[in-house]
Amino acid sequence: MPYKSSVDIALYDVQGSGEYKLGAGYFAEALIKYNFNDRYSIFSGINYNVSTIKLHSAVSVTEFSGKLHKTYMSLPLMFKVKAFESVPLGISLGTYVGFLLSAKEKGDIYMDRFIGGGGTLFSFPEPMHLEYDDDIKENFTSHDFGISLQLDYEFKLNDKLKAVALSRFNYGLKDVASYDESVLANTRKWRNYSIMLGVGVKI
């Protein structure tokens, strides 16, 4: 039961210095479902998702502004109940485990001046502007896990195919910040939340 043309909205729970704003990403997945009867079923599969978060922080005379892109391969396991006999609306609850594939941050650094050793002040003719594109995968744990709640609605395309529209909320239970000497050194807690909106085809 693959879902395509999908949107992943990242809602991070980050505690620490700096500003963090949600961004949009995308996901694709393929699922296999087992029906216990007409109302109850269980499904699992593989989910590939890319999320984005906007970052902004200022330390002394230095300002950072950029975006963080994280890619996970997740394995959901969910129990589904058909809400009504006459309406193809499903409610699913379950869990997931995600494995971090990549984490990259890209943005700009603005600096007005620099204070060197011994309190010596160095002034520049104009503010400095640097661009950066860093691989920061080591700043996060290698895996994540949490719980998921999903609503989906099925509608018939033809005699053999059905389409599925879904919305899913993933609630991360694990603190994924690694606390190494990194750009996340001042971040006390980082949990992944996301809202997924998707459509696909049920075979």
# chains A, B, ... in the order shown; residues from 1 in each chain; ligands from 1

call {"tool": "residues_around", "arguments": {"residues": "segment 126-140 of chain A", "least_positions_apart": "3", "cutoff": "6 Å", "atoms": "only C-alpha atoms", "output": "PyMOL selection string"}}
result
chain A and resi 102-112+176-178

call {"tool": "write_last_selection", "arguments": {"atoms": "N, CA and C atoms", "output": "compact mmCIF listing (two decimals), in the first residue's frame"}}
result
# COMPACT_ATOMS: atom_id res chain seq x y z
N SER A 102 21.06 10.80 7.12
CA SER A 102 21.91 11.98 6.92
C SER A 102 21.34 13.16 7.69
N ALA A 103 22.23 14.10 8.01
CA ALA A 103 21.84 15.36 8.65
C ALA A 103 22.81 16.43 8.15
N LYS A 104 22.28 17.41 7.44
CA LYS A 104 23.11 18.46 6.86
C LYS A 104 22.53 19.83 7.17
N GLU A 105 23.42 20.74 7.47
CA GLU A 105 23.02 22.12 7.74
C GLU A 105 23.69 23.05 6.75
N LYS A 106 22.89 23.95 6.17
CA LYS A 106 23.39 24.89 5.17
C LYS A 106 22.84 26.27 5.48
N GLY A 107 23.70 27.28 5.41
CA GLY A 107 23.22 28.62 5.71
C GLY A 107 24.31 29.67 5.61
N ASP A 108 24.12 30.76 6.38
CA ASP A 108 25.00 31.91 6.31
C ASP A 108 25.46 32.31 7.72
N ILE A 109 26.67 32.85 7.79
CA ILE A 109 27.23 33.39 9.02
C ILE A 109 27.55 34.86 8.78
N TYR A 110 27.06 35.72 9.66
CA TYR A 110 27.32 37.15 9.58
C TYR A 110 28.10 37.57 10.83
N MET A 111 29.19 38.32 10.63
CA MET A 111 30.02 38.73 11.75
C MET A 111 30.37 40.21 11.60
N ASP A 112 30.10 40.99 12.63
CA ASP A 112 30.40 42.42 12.61
C ASP A 112 31.84 42.70 13.03
N VAL A 176 17.24 13.04 20.63
CA VAL A 176 18.16 12.64 19.57
C VAL A 176 19.41 13.50 19.48
N ALA A 177 19.57 14.51 20.36
CA ALA A 177 20.79 15.30 20.38
C ALA A 177 21.91 14.50 21.01
N SER A 178 23.10 14.53 20.41
CA SER A 178 24.20 13.69 20.89
C SER A 178 25.03 14.36 21.98

call {"tool": "atom_distance", "arguments": {"atom1": "atom CA of Phe99 of chain A", "atom2": "atom CA of Tyr72 of chain A"}}
result
5.4 Å

call {"tool": "atom_distance", "arguments": {"atom1": "atom CA of Asn47 of chain A", "atom2": "atom CA of Val87 of chain A"}}
result
26.8 Å

call {"tool": "residues_around", "arguments": {"residues": "Ala165 of chain A", "least_positions_apart": "2", "cutoff": "7 Å", "atoms": "only C-alpha atoms", "output": "list in words"}}
result
Asp152, Tyr153, Glu154, Ala163, Gly198, Val199 and Gly200 of chain A

call {"tool": "write_last_selection", "arguments": {"atoms": "C-alpha atoms", "output": "mmCIF file, in the first residue's frame"}}
result
data_model
loop_
_atom_site.group_PDB
_atom_site.id
_atom_site.type_symbol
_atom_site.label_atom_id
_atom_site.label_comp_id
_atom_site.auth_asym_id
_atom_site.auth_seq_id
_atom_site.Cartn_x
_atom_site.Cartn_y
_atom_site.Cartn_z
ATOM 1 C CA ASP A 152 -6.982 7.531 6.539
ATOM 2 C CA TYR A 153 -9.821 7.486 4.042
ATOM 3 C CA GLU A 154 -10.143 5.083 1.118
ATOM 4 C CA ALA A 163 -6.782 5.445 -3.465
ATOM 5 C CA GLY A 198 -0.122 11.826 1.881
ATOM 6 C CA VAL A 199 -2.042 10.152 -0.911
ATOM 7 C CA GLY A 200 -1.364 6.830 -2.550
#

call {"tool": "closest_residue", "arguments": {"among": "A:Met78, A:Ala58, A:Leu166, A:Val50", "to": "Leu100 of chain A", "atoms": "only C-alpha atoms"}}
result
A:Val50

call {"tool": "atom_distance", "arguments": {"atom1": "atom CA of Asn170 of chain A", "atom2": "atom CA of Gly98 of chain A"}}
result
11.0 Å

call {"tool": "residues_around", "arguments": {"residues": "Arg39 of chain A", "least_positions_apart": "4", "cutoff": "9 Å", "atoms": "only C-alpha atoms", "output": "count of residues only"}}
result
8
